[in-house]
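Colleague: Coordinates in start-v9.cif, mmCIF, C-alpha atoms, are listed below.
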data_structure
#
loop_
_atom_site.label_atom_id
_atom_site.label_comp_id
_atom_site.auth_asym_id
_atom_site.auth_seq_id
_atom_site.Cartn_x
_atom_site.Cartn_y
_atom_site.Cartn_z
CA MET A 959 -26.46 -22.50 30.16
CA GLY A 960 -25.32 -22.01 26.61
CA VAL A 961 -22.27 -20.16 25.31
CA MET A 962 -20.05 -18.73 28.05
CA ARG A 963 -17.27 -16.94 26.18
CA ILE A 964 -14.79 -17.00 23.33
CA GLY A 965 -12.59 -20.08 23.75
CA HIS A 966 -9.96 -19.89 21.08
CA ILE A 967 -9.15 -18.81 17.56
CA ASN A 968 -7.06 -20.74 15.05
CA ILE A 969 -5.19 -18.53 12.60
CA ARG A 970 -2.84 -19.19 9.70
CA VAL A 971 0.68 -17.77 9.70
CA LEU A 972 3.26 -17.59 6.93
CA ASP A 973 6.31 -17.96 9.19
CA MET A 974 5.94 -19.81 12.50
CA ASP A 975 9.15 -18.50 14.06
CA ALA A 976 8.19 -14.89 13.29
CA ALA A 977 4.66 -15.51 14.55
CA LEU A 978 5.90 -16.95 17.85
CA ALA A 979 8.32 -14.05 18.33
CA HIS A 980 5.29 -11.76 17.92
CA TYR A 981 2.66 -13.55 20.02
CA GLU A 982 5.13 -14.38 22.80
CA GLY A 983 7.40 -11.33 22.69
CA VAL A 984 4.98 -8.54 21.78
CA LEU A 985 1.64 -9.79 23.15
CA GLY A 986 3.17 -11.75 26.01
CA LEU A 987 1.29 -15.02 25.49
CA THR A 988 2.80 -18.28 26.76
CA ARG A 989 3.39 -21.33 24.60
CA THR A 990 1.63 -24.35 26.13
CA ALA A 991 1.77 -27.09 23.49
CA LYS A 992 2.89 -28.07 20.02
CA ASP A 993 1.27 -30.95 18.15
CA ASP A 994 2.64 -33.41 15.60
CA ALA A 995 1.32 -31.28 12.74
CA GLY A 996 3.39 -28.34 13.98
CA ASN A 997 0.48 -26.28 15.32
CA VAL A 998 1.47 -24.20 18.32
CA TYR A 999 -0.91 -23.45 21.22
CA LEU A 1000 -0.68 -20.34 23.42
CA LYS A 1001 -2.53 -18.75 26.31
CA GLY A 1002 -2.61 -15.46 28.20
CA TRP A 1003 -1.40 -15.39 31.81
CA ASP A 1004 -4.89 -14.70 33.18
CA GLU A 1005 -6.53 -17.57 31.28
CA TRP A 1006 -6.98 -20.95 32.91
CA ASP A 1007 -7.73 -23.22 29.95
CA LYS A 1008 -4.79 -24.68 28.05
CA TYR A 1009 -4.90 -22.31 25.09
CA SER A 1010 -6.79 -19.48 23.43
CA LEU A 1011 -4.73 -19.19 20.25
CA ILE A 1012 -3.67 -21.85 17.75
CA LEU A 1013 -1.07 -20.91 15.15
CA THR A 1014 -1.02 -23.02 11.98
CA GLN A 1015 1.75 -22.75 9.40
CA SER A 1016 0.22 -22.03 5.98
CA ASP A 1017 0.89 -20.38 2.64
CA LYS A 1018 -1.68 -17.69 3.39
CA ALA A 1019 -2.91 -15.62 6.34
CA GLY A 1020 -6.36 -15.44 7.93
CA MET A 1021 -8.63 -17.44 10.23
CA ILE A 1022 -9.27 -21.19 10.12
CA ASN A 1023 -11.99 -21.18 12.76
CA ILE A 1024 -13.21 -19.54 15.94
CA ALA A 1025 -14.39 -21.47 18.99
CA TYR A 1026 -16.70 -20.62 21.88
CA LYS A 1027 -16.98 -22.53 25.13
CA VAL A 1028 -20.40 -23.61 26.39
CA GLU A 1029 -21.19 -24.19 30.04
CA ASN A 1030 -22.51 -27.75 29.99
CA ASP A 1031 -21.88 -30.75 27.79
CA ALA A 1032 -25.64 -31.03 27.14
CA ASP A 1033 -25.57 -27.52 25.62
CA LEU A 1034 -23.78 -29.03 22.64
CA ASP A 1035 -26.82 -31.20 21.91
CA ALA A 1036 -29.36 -28.44 22.52
CA LEU A 1037 -27.49 -25.83 20.47
CA GLY A 1038 -26.61 -28.36 17.77
CA LYS A 1039 -30.31 -29.14 17.33
CA ARG A 1040 -31.22 -25.47 17.09
CA ILE A 1041 -28.53 -24.89 14.48
CA ARG A 1042 -29.69 -27.91 12.42
CA ASP A 1043 -33.32 -26.80 12.71
CA TYR A 1044 -32.20 -23.40 11.45
CA GLY A 1045 -31.03 -25.17 8.30
CA ILE A 1046 -27.29 -25.22 8.88
CA THR A 1047 -25.24 -28.42 8.68
CA VAL A 1048 -23.55 -29.39 11.97
CA ASP A 1049 -20.62 -31.79 12.30
CA ASP A 1050 -20.29 -33.75 15.54
CA LEU A 1051 -16.63 -34.03 16.53
CA PRO A 1052 -15.41 -36.70 18.98
CA GLU A 1053 -13.28 -35.94 22.01
CA GLY A 1054 -9.81 -34.86 20.95
CA ALA A 1055 -10.80 -33.78 17.43
CA VAL A 1056 -10.44 -30.24 18.75
CA PRO A 1057 -7.05 -30.64 20.45
CA PHE A 1058 -7.12 -30.96 24.25
CA CYS A 1059 -10.92 -30.58 24.18
CA GLY A 1060 -13.90 -32.84 24.76
CA ARG A 1061 -16.48 -33.50 22.08
CA ALA A 1062 -17.42 -30.51 19.97
CA ILE A 1063 -19.75 -29.35 17.24
CA ARG A 1064 -18.66 -27.50 14.12
CA PHE A 1065 -20.66 -25.48 11.60
CA ASN A 1066 -20.37 -22.49 9.33
CA LEU A 1067 -21.96 -19.12 10.05
CA PRO A 1068 -24.16 -17.71 7.26
CA SER A 1069 -21.08 -15.62 6.32
CA GLY A 1070 -19.06 -18.82 5.75
CA HIS A 1071 -16.79 -18.50 8.78
CA GLU A 1072 -16.23 -21.80 10.59
CA MET A 1073 -17.31 -21.89 14.22
CA VAL A 1074 -16.72 -24.57 16.87
CA LEU A 1075 -18.50 -25.06 20.19
CA TYR A 1076 -17.03 -27.20 22.94
CA ALA A 1077 -17.74 -27.70 26.64
CA GLN A 1078 -14.46 -28.98 28.04
CA LYS A 1079 -10.80 -28.12 27.52
CA GLU A 1080 -7.71 -29.24 29.39
CA MET A 1081 -7.06 -26.78 32.23
CA LEU A 1082 -3.67 -25.39 33.21
CA GLY A 1083 -4.66 -22.58 35.56
CA LYS A 1084 -3.77 -18.90 35.71
CA ALA A 1085 -0.10 -17.95 36.05
CA VAL A 1086 -0.82 -16.52 39.50
CA GLY A 1087 -2.64 -19.59 40.77
CA VAL A 1088 -5.78 -19.66 42.89
CA THR A 1089 -4.47 -19.50 46.44
CA ASN A 1090 -3.76 -16.00 47.74
CA PRO A 1091 -2.74 -14.89 44.22
CA GLU A 1092 -0.65 -11.84 43.37
CA PRO A 1093 -2.40 -9.40 40.99
CA TRP A 1094 0.01 -10.18 38.16
CA PRO A 1095 2.83 -12.66 37.59
CA ASP A 1096 6.55 -11.92 37.31
CA GLY A 1097 8.35 -12.38 34.02
CA LEU A 1098 5.62 -11.16 31.66
CA LYS A 1099 6.90 -10.30 28.20
CA GLY A 1100 5.81 -7.41 26.00
CA ALA A 1101 2.30 -6.10 26.51
CA GLY A 1102 1.47 -8.94 28.90
CA VAL A 1103 -2.11 -9.34 27.65
CA HIS A 1104 -4.58 -11.04 29.96
CA TRP A 1105 -6.78 -13.02 27.60
CA LEU A 1106 -8.23 -13.39 24.13
CA ASP A 1107 -11.15 -10.97 24.29
CA HIS A 1108 -13.05 -11.09 21.01
CA ALA A 1109 -12.74 -11.21 17.24
CA LEU A 1110 -14.22 -9.17 14.42
CA LEU A 1111 -15.19 -11.06 11.29
CA MET A 1112 -15.64 -9.34 7.92
CA CYS A 1113 -18.82 -10.50 6.20
CA GLU A 1114 -19.94 -10.05 2.61
CA LEU A 1115 -22.20 -7.03 2.21
CA ASP A 1116 -23.48 -5.84 -1.15
CA PRO A 1117 -26.88 -4.20 -0.66
CA GLU A 1118 -27.43 -3.71 -4.38
CA LYS A 1119 -27.31 -7.46 -4.84
CA GLY A 1120 -29.34 -8.05 -1.70
CA ILE A 1121 -26.41 -9.67 0.12
CA ASN A 1122 -26.01 -8.86 3.81
CA LYS A 1123 -24.13 -11.53 5.74
CA VAL A 1124 -23.75 -9.15 8.71
CA ALA A 1125 -27.51 -9.17 9.22
CA GLU A 1126 -27.74 -12.92 8.55
CA ASN A 1127 -25.00 -13.70 11.09
CA THR A 1128 -26.59 -11.38 13.65
CA THR A 1129 -29.96 -13.09 13.33
CA PHE A 1130 -28.32 -16.53 13.52
CA MET A 1131 -26.28 -15.67 16.61
CA ARG A 1132 -29.38 -14.30 18.35
CA GLU A 1133 -31.78 -17.08 17.42
CA CYS A 1134 -29.50 -20.12 17.70
CA LEU A 1135 -26.80 -19.17 20.22
CA ASP A 1136 -28.67 -16.59 22.38
CA PHE A 1137 -26.15 -13.82 21.73
CA TYR A 1138 -27.39 -10.30 22.50
CA LEU A 1139 -26.94 -7.21 20.35
CA SER A 1140 -25.08 -4.39 22.12
CA GLU A 1141 -24.44 -2.00 19.23
CA GLN A 1142 -25.06 -1.72 15.50
CA VAL A 1143 -24.28 0.55 12.56
CA LEU A 1144 -27.22 1.27 10.25
CA VAL A 1145 -26.48 2.80 6.84
CA GLY A 1146 -28.03 3.40 3.45
CA PRO A 1147 -30.54 5.95 2.12
CA ASP A 1148 -33.24 4.71 4.49
CA GLY A 1149 -30.86 3.93 7.38
CA ASP A 1150 -32.00 0.34 7.44
CA ILE A 1151 -28.94 -1.60 6.26
CA GLN A 1152 -27.25 -3.33 9.18
CA ALA A 1153 -23.61 -2.84 8.17
CA ALA A 1154 -21.94 -3.79 11.45
CA THR A 1155 -22.96 -5.40 14.74
CA TRP A 1156 -21.42 -6.10 18.15
CA MET A 1157 -22.79 -9.04 20.15
CA PHE A 1158 -22.21 -10.54 23.58
CA ARG A 1159 -22.79 -13.50 25.89
CA THR A 1160 -20.57 -12.27 28.75
CA SER A 1161 -21.25 -9.00 30.56
CA THR A 1162 -18.97 -6.97 28.27
CA PRO A 1163 -20.13 -5.16 25.11
CA HIS A 1164 -18.82 -7.71 22.66
CA ASP A 1165 -17.62 -11.26 22.39
CA ILE A 1166 -17.85 -11.15 18.61
CA ALA A 1167 -18.39 -8.46 15.98
CA PHE A 1168 -19.39 -8.50 12.35
CA VAL A 1169 -18.59 -5.78 9.80
CA GLY A 1170 -19.60 -5.67 6.14
CA GLY A 1171 -17.04 -5.81 3.35
CA PRO A 1172 -16.60 -7.05 -0.20
CA VAL A 1173 -15.34 -10.50 0.81
CA MET A 1174 -15.42 -12.56 4.02
CA GLY A 1175 -12.33 -12.66 6.18
CA LEU A 1176 -10.73 -12.00 9.55
CA HIS A 1177 -10.60 -8.35 10.53
CA HIS A 1178 -8.88 -8.75 13.87
CA LEU A 1179 -8.42 -10.80 17.01
CA ALA A 1180 -8.27 -8.77 20.22
CA PHE A 1181 -6.48 -9.32 23.51
CA TYR A 1182 -7.45 -7.73 26.81
CA LEU A 1183 -5.43 -5.17 28.77
CA ASP A 1184 -6.43 -3.44 32.02
CA ASP A 1185 -6.51 0.22 31.14
CA TRP A 1186 -5.18 3.18 29.16
CA SER A 1187 -1.75 3.05 30.74
CA ALA A 1188 -1.39 -0.59 29.73
CA VAL A 1189 -2.47 0.34 26.18
CA LEU A 1190 0.13 3.12 26.03
CA LYS A 1191 2.84 0.80 27.30
CA ALA A 1192 1.81 -1.78 24.71
CA ALA A 1193 2.29 0.89 22.03
CA ASP A 1194 5.84 1.45 23.32
CA VAL A 1195 6.46 -2.29 23.12
CA MET A 1196 5.28 -2.29 19.50
CA ALA A 1197 7.44 0.71 18.58
CA LYS A 1198 10.47 -0.86 20.27
CA ARG A 1199 9.98 -4.07 18.31
CA GLN A 1200 9.02 -2.27 15.07
CA VAL A 1201 5.61 -3.92 14.83
CA LYS A 1202 3.49 -2.56 11.99
CA VAL A 1203 0.92 -0.41 13.82
CA ASP A 1204 -2.32 0.26 11.96
CA VAL A 1205 -3.97 2.68 14.41
CA THR A 1206 -2.14 4.21 17.40
CA PRO A 1207 -3.86 4.36 20.81
CA GLN A 1208 -7.37 5.69 20.51
CA ARG A 1209 -10.85 5.25 22.01
CA HIS A 1210 -13.73 3.49 20.35
CA GLY A 1211 -17.10 5.22 20.58
CA ILE A 1212 -18.62 1.80 20.01
CA THR A 1213 -18.00 -0.36 23.13
CA ARG A 1214 -16.03 2.59 24.69
CA GLY A 1215 -12.90 0.46 24.65
CA SER A 1216 -9.42 1.91 24.23
CA THR A 1217 -7.42 0.32 21.49
CA ILE A 1218 -4.39 -0.18 19.32
CA TYR A 1219 -4.63 -1.96 15.99
CA PHE A 1220 -1.49 -3.61 14.63
CA PHE A 1221 -0.46 -6.52 12.46
CA ASP A 1222 1.23 -9.81 13.21
CA PRO A 1223 4.16 -10.77 10.93
CA SER A 1224 1.78 -12.57 8.55
CA GLY A 1225 -0.53 -9.57 8.23
CA ASN A 1226 -3.29 -10.75 10.57
CA ARG A 1227 -4.63 -7.70 12.40
CA ASN A 1228 -4.41 -7.77 16.19
CA GLU A 1229 -5.95 -5.42 18.73
CA THR A 1230 -5.04 -4.70 22.31
CA PHE A 1231 -8.34 -3.71 23.87
CA ALA A 1232 -8.67 -2.21 27.31
CA GLY A 1233 -11.55 -1.48 29.58
CA LEU A 1234 -14.75 -3.44 30.05
CA GLY A 1235 -16.66 -0.63 28.35
CA TYR A 1236 -19.94 -0.91 30.20
CA LEU A 1237 -22.09 -3.54 31.82
CA ALA A 1238 -23.79 -5.42 29.00
CA GLN A 1239 -26.99 -7.21 29.98
CA PRO A 1240 -29.67 -9.08 28.04
CA ASP A 1241 -32.24 -6.34 28.70
CA MET A 1242 -29.93 -3.45 27.75
CA PRO A 1243 -31.40 -1.48 24.82
CA PRO A 1244 -29.04 -1.85 21.82
CA ILE A 1245 -27.12 1.23 20.70
CA THR A 1246 -27.34 2.45 17.09
CA TRP A 1247 -24.72 4.45 15.20
CA THR A 1248 -25.86 6.25 12.06
CA GLU A 1249 -23.95 6.48 8.81
CA GLU A 1250 -22.75 10.08 9.28
CA ASN A 1251 -21.44 9.28 12.76
CA LEU A 1252 -20.09 5.80 12.23
CA TRP A 1253 -16.44 6.87 12.18
CA ARG A 1254 -16.90 8.63 15.53
CA GLY A 1255 -18.18 5.27 16.65
CA ILE A 1256 -15.12 3.46 15.42
CA PHE A 1257 -12.44 6.07 16.20
CA TYR A 1258 -13.96 8.48 18.67
CA HIS A 1259 -11.13 11.01 18.98
CA THR A 1260 -10.64 11.77 15.30
CA GLY A 1261 -14.03 10.77 13.91
CA GLU A 1262 -12.32 9.75 10.70
CA GLU A 1263 -11.22 6.55 9.12
CA ALA A 1264 -7.74 5.74 10.38
CA GLY A 1265 -5.19 3.32 9.04
CA LYS A 1266 -6.65 0.85 6.61
CA PHE A 1267 -9.49 -0.16 8.85
CA THR A 1268 -12.02 -1.35 6.31
CA THR A 1269 -9.80 -2.05 3.33
CA VAL A 1270 -7.07 -4.29 4.73
CA TYR A 1271 -7.78 -7.64 6.32
CA THR A 1272 -6.97 -11.31 5.95
CA MET B 1005 29.03 1.78 7.57
CA SER B 1006 25.74 2.52 5.87
CA GLU B 1007 24.12 -0.25 3.87
CA ARG B 1008 24.17 -0.26 0.08
CA ALA B 1009 21.06 1.45 -1.28
CA HIS B 1010 19.24 1.41 -4.61
CA THR B 1011 16.71 3.67 -6.31
CA VAL B 1012 13.13 2.35 -6.51
CA THR B 1013 10.82 3.99 -9.05
CA ILE B 1014 7.02 3.56 -9.12
CA THR B 1015 5.97 3.96 -12.74
CA ASP B 1016 2.31 4.81 -12.02
CA THR B 1017 3.13 7.88 -9.89
CA ASP B 1018 6.65 8.59 -11.17
CA GLU B 1019 7.91 8.55 -7.58
CA SER B 1020 11.50 7.57 -6.83
CA PHE B 1021 13.08 6.86 -3.47
CA ARG B 1022 16.16 5.20 -2.04
CA CYS B 1023 15.91 1.80 -0.39
CA GLY B 1024 18.71 -0.07 1.34
CA GLU B 1025 19.47 -3.69 0.44
CA GLY B 1026 18.37 -4.77 3.89
CA THR B 1027 15.15 -2.74 3.82
CA VAL B 1028 11.72 -3.79 2.58
CA VAL B 1029 10.58 -1.67 -0.38
CA LEU B 1030 7.15 -0.76 1.05
CA LYS B 1031 8.66 0.18 4.40
CA ALA B 1032 11.18 2.48 2.68
CA MET B 1033 8.36 4.04 0.65
CA VAL B 1034 6.10 4.87 3.60
CA THR B 1035 9.02 5.96 5.79
CA LEU B 1036 10.01 8.53 3.18
CA GLY B 1037 6.43 9.73 2.73
CA TYR B 1038 5.55 8.32 -0.68
CA ARG B 1039 2.17 6.78 -1.46
CA GLY B 1040 2.40 5.21 -4.89
CA VAL B 1041 1.72 1.69 -3.63
CA THR B 1042 -1.15 1.02 -1.22
CA SER B 1043 0.24 0.31 2.25
CA GLY B 1044 -1.52 -2.45 4.19
CA CYS B 1045 -0.49 -5.10 6.69
CA HIS B 1046 3.25 -5.15 5.88
CA GLY B 1047 3.22 -8.88 6.56
CA GLY B 1048 2.53 -10.42 3.16
CA GLY B 1049 -0.99 -11.36 4.21
CA CYS B 1050 -3.50 -8.80 2.94
CA GLY B 1051 -2.35 -8.37 -0.66
CA VAL B 1052 -3.09 -4.67 -1.19
CA CYS B 1053 0.52 -3.76 -2.10
CA LYS B 1054 0.70 -6.05 -5.15
CA VAL B 1055 3.16 -4.84 -7.78
CA ARG B 1056 5.01 -6.06 -10.85
CA VAL B 1057 8.77 -5.55 -10.86
CA ASP B 1058 9.38 -4.43 -14.42
CA GLU B 1059 13.11 -3.83 -14.01
CA GLY B 1060 15.75 -4.88 -11.51
CA SER B 1061 16.54 -7.75 -9.17
CA TYR B 1062 15.31 -8.36 -5.62
CA ASP B 1063 14.98 -10.88 -2.81
CA ALA B 1064 11.45 -11.94 -1.90
CA ALA B 1065 10.21 -13.33 1.43
CA VAL B 1066 7.21 -15.63 1.85
CA MET B 1067 3.90 -14.05 0.81
CA SER B 1068 0.27 -15.17 0.85
CA ARG B 1069 -0.72 -17.53 -1.97
CA ALA B 1070 -4.23 -16.15 -1.61
CA HIS B 1071 -2.91 -13.01 -3.29
CA VAL B 1072 0.17 -13.99 -5.31
CA SER B 1073 0.24 -17.35 -7.12
CA GLU B 1074 3.44 -19.24 -7.83
CA ALA B 1075 3.05 -18.40 -11.51
CA GLU B 1076 2.64 -14.71 -10.70
CA GLU B 1077 5.69 -14.75 -8.46
CA ARG B 1078 7.71 -16.34 -11.28
CA ASP B 1079 6.37 -13.56 -13.49
CA ARG B 1080 7.81 -11.00 -11.01
CA VAL B 1081 4.44 -10.09 -9.52
CA VAL B 1082 5.01 -9.70 -5.77
CA LEU B 1083 3.88 -7.86 -2.65
CA ALA B 1084 5.96 -4.73 -2.12
CA CYS B 1085 6.05 -5.45 1.62
CA ARG B 1086 7.97 -8.67 0.96
CA ILE B 1087 10.82 -7.59 -1.33
CA LYS B 1088 14.25 -6.07 -0.75
CA PRO B 1089 16.19 -4.57 -3.68
CA ARG B 1090 19.43 -6.01 -5.06
CA SER B 1091 19.59 -3.36 -7.80
CA ASP B 1092 17.61 -0.30 -8.86
CA LEU B 1093 13.95 -1.31 -9.29
CA ARG B 1094 11.05 -0.10 -11.43
CA LEU B 1095 7.59 -1.15 -10.17
CA SER B 1096 4.08 -0.90 -11.55
CA VAL B 1097 0.99 -1.29 -9.37
CA VAL B 1098 -1.05 -4.44 -9.97
CA GLY B 1099 -3.66 -3.95 -7.27
CA GLY B 1100 -5.50 -7.15 -6.62
CA ILE B 1101 -7.88 -7.11 -3.69
CA GLY B 1102 -6.93 -3.53 -2.88
CA LYS B 1103 -8.37 -2.27 -6.12
CA VAL B 1104 -11.53 -4.32 -5.74
CA ILE B 1105 -12.08 -2.94 -2.26
CA ALA B 1106 -11.22 0.62 -3.25
CA ARG B 1107 -13.86 0.46 -5.96
CA GLN B 1108 -16.54 -0.82 -3.62
CA GLN B 1109 -15.77 1.06 -0.44
CA LYS B 1110 -17.50 4.20 0.76
CA LYS B 1111 -20.73 3.25 -0.94
CA PHE B 1112 -22.40 3.74 2.42
CA GLY B 1113 -19.53 5.25 4.33
CA LEU B 1114 -18.33 1.91 5.58
CA VAL B 1115 -18.53 -0.84 3.02
#
Would you write the structure of this file as structure tokens?
Modeller:
Amino acid sequence: MGVMRIGHINIRVLDMDAALAHYEGVLGLTRTAKDDAGNVYLKGWDEWDKYSLILTQSDKAGMINIAYKVENDADLDALGKRIRDYGITVDDLPEGAVPFCGRAIRFNLPSGHEMVLYAQKEMLGKAVGVTNPEPWPDGLKGAGVHWLDHALLMCELDPEKGINKVAENTTFMRECLDFYLSEQVLVGPDGDIQAATWMFRTSTPHDIAFVGGPVMGLHHLAFYLDDWSAVLKAADVMAKRQVKVDVTPQRHGITRGSTIYFFDPSGNRNETFAGLGYLAQPDMPPITWTEENLWRGIFYHTGEEAGKFTTVYT
Amino acid sequence: MSERAHTVTITDTDESFRCGEGTVVLKAMVTLGYRGVTSGCHGGGCGVCKVRVDEGSYDAAVMSRAHVSEAEERDRVVLACRIKPRSDLRLSVVGGIGKVIARQQKKFGLV
């Protein structure tokens, strides 16, 4: 019942050819469709639905919307009602309005980010099939990422003005969509300002994250890799192709994942994220990181801000 | 044969460095260890490297209209990650979102 997992993310790119060279050649996604408007659809080899990434040509970078897949068609009605009762406007979208998907609902998070829920998407299958499959397919390009894992959305946070869209989103996701809190950062003189949260519906530490900043935006979209060695090889791929790397391979204290942050050719931050972290369950007590330790949480090895983590995003 | 190079000067910090005609100005700057312009996404998307080209000519690639308007681009306000020099250049930092964020950040360590 309810939300199963992240389904897809639609991002804007400044140069479609450069974007495709990146998402196919560096990440290793496969192009599965192109529509009349010029949007291109891609998937990871280990994903079965038709796409997890939509690229849209635009004159700016950033995210158009993020979509999660629910288990049953009836969940769209039940969740739609809860969201409306919460006081948020919900649009009902007919089959096909979200390309290659059944009917869907669309609304904005308290932070302003557009979210879509759908129950059905055209299915292509994994690259290795379902009958006696090999553990990985031949012909993978670049990092050969498995799947779209999660996204981190930047949300307006200005405690002096009483604005905290991180906390508002977190409450909304818990109360309306039954997401669970795995980890949070609490800051401020009294340690009571929720400045960042990580939430899940699967059994991994996060399917979405929210971090406070001056303006809303997309911080990163993350793709899954098996382990450290895959992360290190991905870093070689990026160096070979002169991708702009933001943070070289490192471990997160929060979620325990191992990571690289880098940018696509339009400046949208990507992450290759490895490891399932730990078993996340609804009854797991949430983890709290305090202000003086938050950078150990984000970059565990150095314990310091690295790259332009909080200041650069689209 | 090495490519033709020009001298780029950042007025705010009085830094000068060489940049080939085929090389992006911000990339040349960070590669040579200078820091006068804030280095961000290097893709024309985040807007933190916004500068005005006060002197010289350049080629500009596509950059986000969320950060540089058409009028600004006509007025030689660009993202340093999107321009390649055709002559010696003199730049001054404009800032944009980078300055806004820099002012607000670290209030509580994170935001």
Colleague: Determine, counting all atoms listed in the file, which protein, DNA and RNA residues have an atom within 8 Å of an atom of range 1031-1048 of chain B; residues of the same chain fewer than 3 positions away are not included. Present the result as number ranges by chain.
Modeller: A: 1202, 1204, 1221-1227, 1266, 1270-1271; B: 1014, 1016-1017, 1019, 1021-1023, 1027-1028, 1051-1055, 1066-1068, 1083-1086, 1097, 1102
Colleague: Please, which residues in chain A fall within 10 Å of chain B when counting all atoms listed in the file, and what is the closest atom pair and distance in Å to one decimal for each, ordered by chain then residue number, as CSV?
Modeller:
residue,atom,partner,partner_atom,distance
A:Arg970,CA,B:Gly1049,CA,9.7
A:Val971,CA,B:Gly1049,CA,8.6
A:Leu972,CA,B:Val1066,CA,6.7
A:Asp973,CA,B:Val1066,CA,7.8
A:Ser1016,CA,B:Ser1068,CA,8.6
A:Asp1017,CA,B:Ser1068,CA,5.5
A:Lys1018,CA,B:Ser1068,CA,4.1
A:Ala1019,CA,B:Gly1049,CA,5.1
A:Gly1020,CA,B:Gly1049,CA,7.7
A:Glu1114,CA,B:Val1115,CA,9.3
A:Leu1115,CA,B:Val1115,CA,7.2
A:Asp1116,CA,B:Val1115,CA,8.2
A:Pro1117,CA,B:Phe1112,CA,9.6
A:Val1143,CA,B:Leu1114,CA,9.3
A:Leu1144,CA,B:Phe1112,CA,9.5
A:Val1145,CA,B:Phe1112,CA,6.1
A:Gly1146,CA,B:Phe1112,CA,5.7
A:Pro1147,CA,B:Phe1112,CA,8.4
A:Gly1149,CA,B:Phe1112,CA,9.8
A:Ile1151,CA,B:Phe1112,CA,9.3
A:Ala1153,CA,B:Val1115,CA,7.5
A:Ala1154,CA,B:Leu1114,CA,8.9
A:Val1169,CA,B:Val1115,CA,8.4
A:Gly1170,CA,B:Val1115,CA,5.8
A:Gly1171,CA,B:Val1115,CA,5.2
A:Pro1172,CA,B:Ile1105,CA,6.4
A:Val1173,CA,B:Ile1105,CA,8.8
A:Val1201,CA,B:His1046,CA,9.3
A:Lys1202,CA,B:His1046,CA,6.6
A:Val1203,CA,B:Cys1045,CA,8.6
A:Asp1204,CA,B:Cys1045,CA,7.7
A:Phe1220,CA,B:Cys1045,CA,8.1
A:Phe1221,CA,B:Cys1045,CA,5.9
A:Asp1222,CA,B:Gly1047,CA,7.0
A:Pro1223,CA,B:Gly1047,CA,4.9
A:Ser1224,CA,B:Gly1047,CA,4.4
A:Gly1225,CA,B:Gly1047,CA,4.2
A:Asn1226,CA,B:Gly1049,CA,6.8
A:Arg1227,CA,B:Cys1045,CA,7.5
A:Glu1249,CA,B:Gly1113,CA,6.4
A:Glu1250,CA,B:Gly1113,CA,7.6
A:Asn1251,CA,B:Gly1113,CA,9.5
A:Leu1252,CA,B:Leu1114,CA,7.9
A:Trp1253,CA,B:Leu1114,CA,8.5
A:Glu1263,CA,B:Leu1114,CA,9.2
A:Gly1265,CA,B:Gly1044,CA,8.4
A:Lys1266,CA,B:Gly1044,CA,6.6
A:Phe1267,CA,B:Gly1044,CA,9.5
A:Thr1268,CA,B:Leu1114,CA,7.1
A:Thr1269,CA,B:Ile1105,CA,6.1
A:Val1270,CA,B:Gly1044,CA,5.9
A:Tyr1271,CA,B:Cys1050,CA,5.6
A:Thr1272,CA,B:Cys1050,CA,5.2
Colleague: Given the file shown, enumerate the residues that the PyMOL selection byres ((chain A and resi 1066-1075) around 9) captures and present them as a VMD selection string.
Modeller: chain A and resid 961 965 1021 to 1028 1034 1046 to 1048 1056 1061 to 1065 1076 to 1077 1111 to 1114 1122 to 1124 1126 to 1127 1130 to 1131 1174 to 1176
Colleague: What does the distance between CA of Arg1056 in chain B and CA of Val1098 in chain B come to in Å, to one decimal place?
Modeller: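 Computing the Euclidean distance for CA of Arg1056 in chain B and CA of Val1098 in chain B yields 6.3 Å.
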Colleague: Any chance you could work out the residue set of the PyMOL selection byres ((chain A and resi 1190) around 10) here, as a list in words?
Modeller: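 After applying the PyMOL selection byres ((chain A and resi 1190) around 10), what remains is Ala1101, Asp1185, Trp1186, Ser1187, Ala1188, Val1189, Lys1191, Ala1192, Ala1193, Asp1194, Val1195, Met1196, Thr1206, Pro1207, Gln1208, Ser1216, Thr1217 and Ile1218 of chain A.
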Colleague: So the first atom is CA of Cys1059 in chain A and the second is CA of Lys1008 in chain A; what is the distance between them in Å, to one decimal place?
Modeller: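 Here the two named atoms are 9.3 Å from each other.
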Colleague: Near Gly960 in chain A, counting all atoms listed in the file, which residues have an atom at most 8 Å away, once you skip same-chain residues fewer than 3 positions from it, shown as a PyMOL selection string?
Modeller: chain A and resi 1028-1030+1033+1037+1135-1136
Colleague: Based on the selection just made, write C-alpha atoms of those residues as an mmCIF file, in the frame of the given file.
Modeller:
data_model
loop_
_atom_site.group_PDB
_atom_site.id
_atom_site.type_symbol
_atom_site.label_atom_id
_atom_site.label_comp_id
_atom_site.auth_asym_id
_atom_site.auth_seq_id
_atom_site.Cartn_x
_atom_site.Cartn_y
_atom_site.Cartn_z
ATOM 1 C CA VAL A 1028 -20.400 -23.610 26.390
ATOM 2 C CA GLU A 1029 -21.190 -24.190 30.040
ATOM 3 C CA ASN A 1030 -22.510 -27.750 29.990
ATOM 4 C CA ASP A 1033 -25.570 -27.520 25.620
ATOM 5 C CA LEU A 1037 -27.490 -25.830 20.470
ATOM 6 C CA LEU A 1135 -26.800 -19.170 20.220
ATOM 7 C CA ASP A 1136 -28.670 -16.590 22.380
#
Colleague: I'd like the residues picked by the PyMOL selection byres ((chain A and resi 991) around 12) written out as a list in words, using the chain letters and numbers from the file.
Modeller: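 Given this file, the PyMOL selection byres ((chain A and resi 991) around 12) evaluates to Thr988, Arg989, Thr990, Lys992, Asp993, Asp994, Ala995, Gly996, Asn997, Val998, Tyr999, Leu1000, Lys1001, Lys1008, Tyr1009, Ser1010, Leu1011, Ile1012, Leu1013, Pro1057, Phe1058, Glu1080 and Leu1082 of chain A.
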